[in-house]
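File shown: start.cif (mmCIF, C-alpha atoms).
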```cif
data_query
#
loop_
_atom_site.label_atom_id
_atom_site.label_comp_id
_atom_site.auth_asym_id
_atom_site.auth_seq_id
_atom_site.Cartn_x
_atom_site.Cartn_y
_atom_site.Cartn_z
CA MET A 255 -7.51 -20.28 -6.27
CA TYR A 256 -6.90 -19.86 -2.52
CA THR A 257 -8.03 -16.23 -2.58
CA SER A 258 -8.45 -16.37 1.19
CA ILE A 259 -4.62 -16.12 1.42
CA ILE A 260 -4.48 -12.62 -0.07
CA GLU A 261 -7.63 -11.60 1.83
CA PHE A 262 -6.00 -12.73 5.10
CA ILE A 263 -2.84 -10.76 4.24
CA ALA A 264 -4.96 -7.69 3.44
CA ILE A 265 -6.81 -7.86 6.77
CA VAL A 266 -3.61 -8.33 8.81
CA LEU A 267 -1.84 -5.45 7.04
CA PHE A 268 -4.86 -3.18 7.37
CA ILE A 269 -5.37 -3.79 11.09
CA GLY A 270 -1.63 -3.49 11.81
CA CYS A 271 -1.21 -0.31 9.78
CA PHE A 272 -4.39 1.30 11.17
CA TRP A 273 -3.35 0.56 14.75
CA HIS A 274 0.15 1.88 14.12
CA ALA A 275 -1.16 5.04 12.46
CA THR A 276 -3.52 5.65 15.38
CA ARG A 277 -0.69 5.33 17.90
CA HIS A 278 2.06 7.20 16.06
CA GLU A 279 0.33 9.62 13.66
CA GLY A 280 -2.87 10.33 15.58
CA ARG A 281 -6.43 9.09 15.35
CA ALA A 282 -7.45 11.82 12.88
CA PHE A 283 -4.58 10.94 10.52
CA ALA A 284 -5.49 7.24 10.64
CA GLN A 285 -9.15 7.94 9.89
CA GLN A 286 -8.28 10.27 7.03
CA TRP A 287 -5.67 7.98 5.46
CA PHE A 288 -7.52 4.67 5.69
CA VAL A 289 -11.08 5.83 5.04
CA ALA A 290 -10.02 7.85 1.99
CA GLY A 291 -7.62 5.12 0.81
CA TYR A 292 -10.23 2.37 1.07
CA LEU A 293 -12.96 4.47 -0.55
CA ALA A 294 -10.72 5.52 -3.44
CA ALA A 295 -9.66 1.89 -4.01
CA LEU A 296 -13.25 0.66 -3.86
CA ILE A 297 -14.44 3.27 -6.37
CA ARG A 298 -11.49 2.63 -8.68
CA GLU A 299 -12.01 -1.14 -8.63
CA THR A 300 -15.74 -0.71 -9.25
CA LEU A 301 -15.07 1.56 -12.23
CA ASP A 302 -12.47 -0.86 -13.58
CA GLN A 303 -14.64 -3.96 -13.18
CA VAL A 304 -17.73 -2.32 -14.66
CA MET A 305 -16.20 -0.24 -17.47
CA LEU A 306 -12.65 -1.24 -18.36
CA GLN A 307 -11.93 -4.75 -17.05
CA MET A 308 -8.16 -4.33 -17.31
CA TYR A 309 -8.00 -7.26 -14.90
CA VAL A 310 -10.56 -9.80 -13.71
CA TYR A 311 -10.77 -11.17 -10.17
CA ALA A 312 -11.27 -14.83 -9.33
CA PRO A 313 -14.94 -15.76 -8.71
CA SER A 314 -14.19 -16.75 -5.08
CA VAL A 315 -13.12 -13.20 -4.12
CA LEU A 316 -15.43 -11.62 -1.52
CA ARG A 317 -17.02 -8.55 -3.11
CA ILE A 318 -19.00 -5.39 -2.47
CA GLY A 319 -20.92 -4.97 -5.71
CA SER A 320 -18.36 -5.77 -8.38
CA ALA A 321 -15.29 -4.61 -6.41
CA PRO A 322 -13.34 -6.86 -4.04
CA ALA A 323 -14.26 -6.06 -0.44
CA LEU A 324 -11.10 -7.23 1.32
CA ILE A 325 -8.38 -7.11 -1.33
CA THR A 326 -8.98 -3.36 -1.69
CA LEU A 327 -7.83 -2.99 1.93
CA LEU A 328 -4.34 -3.72 0.58
CA TRP A 329 -4.02 -0.39 -1.20
CA ALA A 330 -4.26 1.94 1.78
CA SER A 331 -2.08 -0.45 3.82
CA VAL A 332 0.69 -0.71 1.21
CA PHE A 333 0.57 3.09 0.76
CA TYR A 334 0.94 3.54 4.51
CA LEU A 335 3.87 1.11 4.68
CA ALA A 336 5.52 2.98 1.78
CA TYR A 337 4.88 6.28 3.59
CA ARG A 338 6.45 5.03 6.82
CA PHE A 339 9.49 3.68 4.97
CA ALA A 340 9.81 6.89 2.89
CA ARG A 341 9.77 9.18 5.92
CA ARG A 342 12.92 7.56 7.20
CA PHE A 343 14.80 8.99 4.22
CA VAL A 344 13.20 12.35 3.41
CA ASP A 345 11.69 15.32 5.24
CA LEU A 346 7.92 15.36 5.34
CA ASP A 347 7.73 19.08 4.57
CA LYS A 348 8.95 18.36 1.03
CA PRO A 349 6.09 16.41 -0.57
CA ALA A 350 7.76 15.71 -3.95
CA PRO A 351 10.63 13.55 -2.62
CA VAL A 352 8.18 11.70 -0.33
CA ALA A 353 5.87 10.99 -3.29
CA VAL A 354 8.77 9.80 -5.48
CA LEU A 355 10.07 7.52 -2.76
CA MET A 356 6.55 6.22 -2.06
CA PHE A 357 6.27 5.41 -5.78
CA LEU A 358 9.42 3.27 -5.64
CA ILE A 359 8.64 1.58 -2.32
CA ALA A 360 4.97 0.80 -3.08
CA ALA A 361 5.98 -0.65 -6.47
CA SER A 362 8.59 -2.83 -4.73
CA PHE A 363 6.11 -4.08 -2.12
CA ALA A 364 3.46 -4.78 -4.78
CA LEU A 365 5.75 -6.74 -7.10
CA PRO A 366 5.78 -10.04 -5.11
CA ILE A 367 2.02 -9.69 -4.44
CA GLU A 368 1.41 -9.41 -8.18
CA ALA A 369 3.78 -12.32 -8.93
CA THR A 370 1.99 -14.64 -6.50
CA ALA A 371 -1.39 -13.38 -7.74
CA MET A 372 -0.47 -14.38 -11.28
CA GLN A 373 0.64 -17.85 -10.15
CA LEU A 374 -2.49 -18.48 -8.07
CA ARG A 375 -4.81 -16.57 -10.42
CA TRP A 376 -6.19 -14.29 -7.72
CA TRP A 377 -6.66 -11.82 -10.55
CA LEU A 378 -5.82 -11.99 -14.22
CA TYR A 379 -4.81 -9.18 -16.54
CA ALA A 380 -6.55 -8.81 -19.87
CA THR A 381 -3.20 -8.26 -21.57
CA SER A 382 0.13 -9.99 -20.97
CA VAL A 383 2.18 -7.49 -22.97
CA ARG A 384 5.63 -6.76 -21.49
CA ALA A 385 5.25 -9.43 -18.82
CA VAL A 386 8.04 -9.90 -16.30
CA PHE A 387 8.72 -12.29 -13.42
CA GLY A 388 6.48 -15.15 -14.46
CA GLY A 389 3.68 -13.24 -16.17
CA VAL A 390 3.31 -9.98 -14.23
CA PRO A 391 2.60 -7.09 -16.65
CA LEU A 392 5.29 -4.46 -16.24
CA VAL A 393 2.63 -1.80 -15.65
CA ALA A 394 1.17 -3.60 -12.59
CA PRO A 395 3.78 -2.51 -10.00
CA LEU A 396 3.99 0.90 -11.69
CA VAL A 397 0.26 1.37 -11.18
CA TRP A 398 0.69 0.57 -7.47
CA GLY A 399 3.58 3.04 -7.22
CA GLY A 400 1.75 5.73 -9.17
CA GLY A 401 -1.37 5.14 -7.09
CA ALA A 402 0.65 5.71 -3.92
CA ALA A 403 2.17 8.94 -5.24
CA ILE A 404 -1.22 10.27 -6.40
CA PHE A 405 -2.86 9.40 -3.09
CA TYR A 406 -0.10 11.08 -1.11
CA ALA A 407 -0.28 14.21 -3.29
CA PHE A 408 -4.00 14.62 -2.53
CA PHE A 409 -3.55 13.68 1.14
CA TRP A 410 -0.70 16.16 1.61
CA ARG A 411 -2.64 18.97 -0.08
CA VAL A 412 -5.67 18.43 2.16
CA THR A 413 -3.59 18.18 5.35
CA GLN A 414 -1.93 21.51 4.46
CA SER A 415 -5.33 23.22 4.43
CA ARG A 416 -6.71 25.15 7.39
CA LEU A 417 -9.58 22.74 7.81
CA PRO A 418 -10.06 21.06 11.20
CA ASP A 419 -9.43 17.31 11.42
CA ARG A 420 -13.05 16.39 10.79
CA GLY A 421 -13.15 18.79 7.83
CA ARG A 422 -10.05 17.15 6.35
CA LEU A 423 -11.72 13.75 6.65
CA TYR A 424 -14.79 15.01 4.83
CA ALA A 425 -12.63 16.71 2.19
CA LEU A 426 -10.71 13.47 1.55
CA ILE A 427 -13.94 11.45 1.39
CA THR A 428 -15.28 13.97 -1.13
CA LEU A 429 -12.05 13.79 -3.11
CA SER A 430 -11.82 9.98 -3.09
CA PRO A 431 -13.65 9.62 -6.47
CA VAL A 432 -11.18 12.13 -7.95
CA ILE A 433 -8.26 10.12 -6.53
CA ALA A 434 -9.81 6.94 -7.96
CA VAL A 435 -10.24 8.46 -11.43
CA ALA A 436 -6.68 9.86 -11.38
CA GLN A 437 -5.30 6.42 -10.46
CA LEU A 438 -7.44 4.78 -13.14
CA LEU A 439 -6.27 7.27 -15.76
CA LEU A 440 -2.67 6.51 -14.85
CA ALA A 441 -3.36 2.78 -15.25
CA VAL A 442 -4.98 3.37 -18.65
CA LEU A 443 -2.11 5.58 -19.81
CA LEU A 444 0.54 3.09 -18.70
CA SER A 445 -1.33 0.19 -20.29
CA ALA A 446 -1.70 1.99 -23.65
CA MET B 185 19.43 -3.95 28.05
CA GLU B 186 15.93 -2.76 28.63
CA ILE B 187 13.69 -3.04 25.60
CA HIS B 188 10.72 -0.71 25.58
CA LEU B 189 7.55 -2.22 24.16
CA LYS B 190 6.53 1.14 22.72
CA GLU B 191 9.81 1.35 20.78
CA LEU B 192 9.27 -2.13 19.39
CA PHE B 193 5.77 -1.29 18.20
CA TYR B 194 7.13 1.86 16.57
CA HIS B 195 8.77 -0.44 14.02
CA LEU B 196 5.55 -2.36 13.34
CA PRO B 197 5.58 -1.35 9.61
CA PHE B 198 8.94 -3.13 9.33
CA ALA B 199 7.43 -6.22 10.97
CA LEU B 200 4.40 -6.08 8.67
CA VAL B 201 6.63 -6.06 5.59
CA VAL B 202 8.56 -9.02 7.04
CA PHE B 203 5.19 -10.77 7.53
CA LEU B 204 4.24 -9.99 3.91
CA VAL B 205 7.54 -11.34 2.57
CA LEU B 206 7.47 -14.51 4.68
CA PHE B 207 3.80 -15.25 3.98
CA LEU B 208 4.23 -14.77 0.23
CA ALA B 209 7.46 -16.82 0.24
CA ALA B 210 5.72 -19.66 2.11
CA THR B 211 2.81 -19.51 -0.35
CA ASP B 212 5.17 -19.50 -3.34
CA LEU B 213 7.15 -22.45 -2.00
CA ALA B 214 3.99 -24.39 -1.12
CA ILE B 215 2.61 -24.15 -4.65
CA GLY B 216 6.04 -24.63 -6.22
CA VAL B 217 6.29 -21.49 -8.32
CA ASN B 218 9.20 -20.83 -10.64
CA LEU B 219 12.27 -18.91 -9.50
CA ASN B 220 11.19 -15.80 -11.41
CA ALA B 221 8.23 -15.27 -9.08
CA LEU B 222 10.34 -15.98 -5.98
CA ALA B 223 12.93 -13.44 -7.15
CA THR B 224 10.35 -10.65 -6.81
CA LEU B 225 10.61 -11.02 -3.04
CA LEU B 226 14.03 -9.41 -3.26
CA ALA B 227 12.42 -6.01 -3.94
CA PRO B 228 10.80 -5.61 -0.48
CA ILE B 229 13.80 -7.33 1.14
CA LEU B 230 15.99 -4.56 -0.31
CA TRP B 231 13.82 -1.93 1.41
CA LEU B 232 13.88 -3.91 4.65
CA GLY B 233 17.67 -3.66 4.50
CA LEU B 234 17.54 0.06 3.78
CA TYR B 235 14.98 0.73 6.56
CA PHE B 236 17.51 0.76 9.37
CA LEU B 237 20.06 2.66 7.30
CA GLY B 238 17.59 5.56 7.06
CA THR B 239 17.32 7.95 9.95
CA ASN B 240 13.86 8.92 11.00
CA ARG B 241 14.04 12.54 9.90
CA ALA B 242 10.60 13.54 11.08
CA VAL B 243 11.34 12.40 14.65
CA ARG B 244 14.84 13.84 14.61
CA ARG B 245 13.52 17.26 13.60
CA ARG B 246 11.04 17.21 16.46
#
```

The structure in this file should be written as structure tokens.
Amino acid sequence: MYTSIIEFIAIVLFIGCFWHATRHEGRAFAQQWFVAGYLAALIRETLDQVMLQMYVYAPSVLRIGSAPALITLLWASVFYLAYRFARRFVDLDKPAPVAVLMFLIAASFALPIEATAMQLRWWLYATSVRAVFGGVPLVAPLVWGGGAAIFYAFFWRVTQSRLPDRGRLYALITLSPVIAVAQLLLAVLLSA
Amino acid sequence: MEIHLKELFYHLPFALVVFLVLFLAATDLAIGVNLNALATLLAPILWLGLYFLGTNRAVRRR
């Protein structure tokens, strides 16, 4: 019901975050972050919808194959927002504190999205075990947080390499299925 | 006091989170959700409050 609301939010956040990253982190950073983030989300959602179906999207959601085309933009955007908030508190040369803080911030940002999604049935979880805040499974925000930490861990490792910018982009594109599977495994483990 | 446009846009992530909170709050109120769902908006609001308490370490180091 009213899935265009969350798709509109996803587009606004994506454009805003991409523009900001281009201006303040550099064009190469923006390409690497958002291309890899979107690809990883798209692969993860496809795997989930085809194999696991831990949650099911509303029929009105715009899709590429079986994965949502626009809602998946949210992941890279929320991760970027969490990254920008986290870097105000910790040094970027220490990846572990950044990843931990990104976990907490991304989970916090995702919580109201999940709560509204449950009310408007943008997506529905197969299980309602340990539901909080009007039906949101407890694992849902944790999966967002864990997804952010995993993505940052891969991103940081690649940016520490000696590859040129274009090489880092290709490396992250190549690694995006691995990121997707790692995020999916986390979701499965937390849901068990 | 002169306000630089570039400085304002530097805090765009803050503005985007404000947009997210306001848009979700308006949606929640429009459909009349229960208070439990509305209470979840406090989580990002907490980080919005903390945002300006944090110093931008990366910039400061530069």

**Prompt:** Taking only C-alpha atoms into account, what are the residues of chain B at most 6 Å from chain A, put as a PyMOL selection string?
**Reply:** chain B and resi 197+220-221+224-225+227-228+238-241

The centre and edge lengths of an axis-aligned box containing all atoms of region 224-237 of chain B present in the file, extended by 4 Å on each side, are to be given in Å to one decimal, as JSON.
```
{"center_x": 15.2, "center_y": -4.2, "center_z": 1.3, "size_x": 17.7, "size_y": 21.7, "size_z": 24.2}
```

**Item:** Counting only C-alpha atoms, the residue of A:Leu327, A:Ala385, A:Ala441, A:Ile404 that sits nearest Leu293 (chain A)
**Value:** A:Leu327

**Prompt:** In Å to one decimal, how far is CA of Tyr235 (chain B) from CA of Phe193 (chain B)?
**Reply:** 15.0 Å

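Relative to CA of Ala209 (chain B), CA of Trp231 (chain B) is found at 16.2 Å.
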
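Between Leu355 (chain A) and the residues A:Leu328, A:Ser314, A:Ala402, A:Leu392, the shortest atom-to-atom distance, using only C-alpha atoms, involves A:Ala402.
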
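Proximity to Trp410 (chain A) was assessed for A:Leu426, A:Ile265, A:Met305, A:Val397 counting only C-alpha atoms; the smallest distance is recorded for A:Leu426.
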
Given the block above, output chain B with C-alpha atoms as a PDB file, in the first residue's frame.
```pdb
ATOM      1  CA  MET B 185      26.848  36.737   9.995  1.00  0.00           C
ATOM      2  CA  GLU B 186      27.821  35.447   6.619  1.00  0.00           C
ATOM      3  CA  ILE B 187      26.583  31.960   5.897  1.00  0.00           C
ATOM      4  CA  HIS B 188      28.547  30.070   3.286  1.00  0.00           C
ATOM      5  CA  LEU B 189      26.448  27.903   0.992  1.00  0.00           C
ATOM      6  CA  LYS B 190      29.223  25.330   0.780  1.00  0.00           C
ATOM      7  CA  GLU B 191      29.244  24.978   4.584  1.00  0.00           C
ATOM      8  CA  LEU B 192      25.492  24.471   4.596  1.00  0.00           C
ATOM      9  CA  PHE B 193      25.679  21.743   1.976  1.00  0.00           C
ATOM     10  CA  TYR B 194      28.428  20.063   3.988  1.00  0.00           C
ATOM     11  CA  HIS B 195      25.716  19.152   6.497  1.00  0.00           C
ATOM     12  CA  LEU B 196      23.398  17.720   3.831  1.00  0.00           C
ATOM     13  CA  PRO B 197      23.444  14.231   5.495  1.00  0.00           C
ATOM     14  CA  PHE B 198      21.961  15.870   8.601  1.00  0.00           C
ATOM     15  CA  ALA B 199      19.259  17.484   6.450  1.00  0.00           C
ATOM     16  CA  LEU B 200      18.539  14.172   4.708  1.00  0.00           C
ATOM     17  CA  VAL B 201      17.986  12.438   8.048  1.00  0.00           C
ATOM     18  CA  VAL B 202      15.674  15.297   9.084  1.00  0.00           C
ATOM     19  CA  PHE B 203      13.799  14.770   5.785  1.00  0.00           C
ATOM     20  CA  LEU B 204      13.559  11.028   6.500  1.00  0.00           C
ATOM     21  CA  VAL B 205      12.219  11.609  10.020  1.00  0.00           C
ATOM     22  CA  LEU B 206       9.694  14.261   8.964  1.00  0.00           C
ATOM     23  CA  PHE B 207       8.467  12.302   5.940  1.00  0.00           C
ATOM     24  CA  LEU B 208       8.019   9.107   7.948  1.00  0.00           C
ATOM     25  CA  ALA B 209       6.348  11.025  10.805  1.00  0.00           C
ATOM     26  CA  ALA B 210       3.921  12.662   8.354  1.00  0.00           C
ATOM     27  CA  THR B 211       3.177   9.273   6.791  1.00  0.00           C
ATOM     28  CA  ASP B 212       2.653   7.665  10.203  1.00  0.00           C
ATOM     29  CA  LEU B 213       0.325  10.449  11.334  1.00  0.00           C
ATOM     30  CA  ALA B 214      -1.603  10.396   8.052  1.00  0.00           C
ATOM     31  CA  ILE B 215      -2.393   6.698   8.337  1.00  0.00           C
ATOM     32  CA  GLY B 216      -2.939   6.907  12.094  1.00  0.00           C
ATOM     33  CA  VAL B 217      -0.419   4.348  13.305  1.00  0.00           C
ATOM     34  CA  ASN B 218      -0.102   3.389  16.947  1.00  0.00           C
ATOM     35  CA  LEU B 219       2.318   5.155  19.274  1.00  0.00           C
ATOM     36  CA  ASN B 220       4.741   2.220  19.203  1.00  0.00           C
ATOM     37  CA  ALA B 221       5.561   2.854  15.550  1.00  0.00           C
ATOM     38  CA  LEU B 222       5.855   6.612  16.106  1.00  0.00           C
ATOM     39  CA  ALA B 223       8.245   6.016  19.012  1.00  0.00           C
ATOM     40  CA  THR B 224      10.780   4.474  16.610  1.00  0.00           C
ATOM     41  CA  LEU B 225      11.391   7.954  15.209  1.00  0.00           C
ATOM     42  CA  LEU B 226      13.202   8.774  18.443  1.00  0.00           C
ATOM     43  CA  ALA B 227      16.160   6.602  17.365  1.00  0.00           C
ATOM     44  CA  PRO B 228      17.269   8.814  14.427  1.00  0.00           C
ATOM     45  CA  ILE B 229      16.295  11.937  16.392  1.00  0.00           C
ATOM     46  CA  LEU B 230      18.800  10.868  19.065  1.00  0.00           C
ATOM     47  CA  TRP B 231      21.570  10.735  16.439  1.00  0.00           C
ATOM     48  CA  LEU B 232      20.483  14.109  15.048  1.00  0.00           C
ATOM     49  CA  GLY B 233      21.028  15.501  18.542  1.00  0.00           C
ATOM     50  CA  LEU B 234      24.424  13.836  18.834  1.00  0.00           C
ATOM     51  CA  TYR B 235      25.534  14.982  15.349  1.00  0.00           C
ATOM     52  CA  PHE B 236      26.505  18.476  16.417  1.00  0.00           C
ATOM     53  CA  LEU B 237      28.046  17.247  19.659  1.00  0.00           C
ATOM     54  CA  GLY B 238      30.549  15.227  17.615  1.00  0.00           C
ATOM     55  CA  THR B 239      33.562  16.986  16.195  1.00  0.00           C
ATOM     56  CA  ASN B 240      34.441  16.180  12.640  1.00  0.00           C
ATOM     57  CA  ARG B 241      37.667  14.335  13.380  1.00  0.00           C
ATOM     58  CA  ALA B 242      38.619  13.646   9.785  1.00  0.00           C
ATOM     59  CA  VAL B 243      38.480  17.355   8.895  1.00  0.00           C
ATOM     60  CA  ARG B 244      40.182  18.407  12.112  1.00  0.00           C
ATOM     61  CA  ARG B 245      43.097  16.069  11.443  1.00  0.00           C
ATOM     62  CA  ARG B 246      43.548  17.515   7.970  1.00  0.00           C
TER      63      ARG B 246
END
```
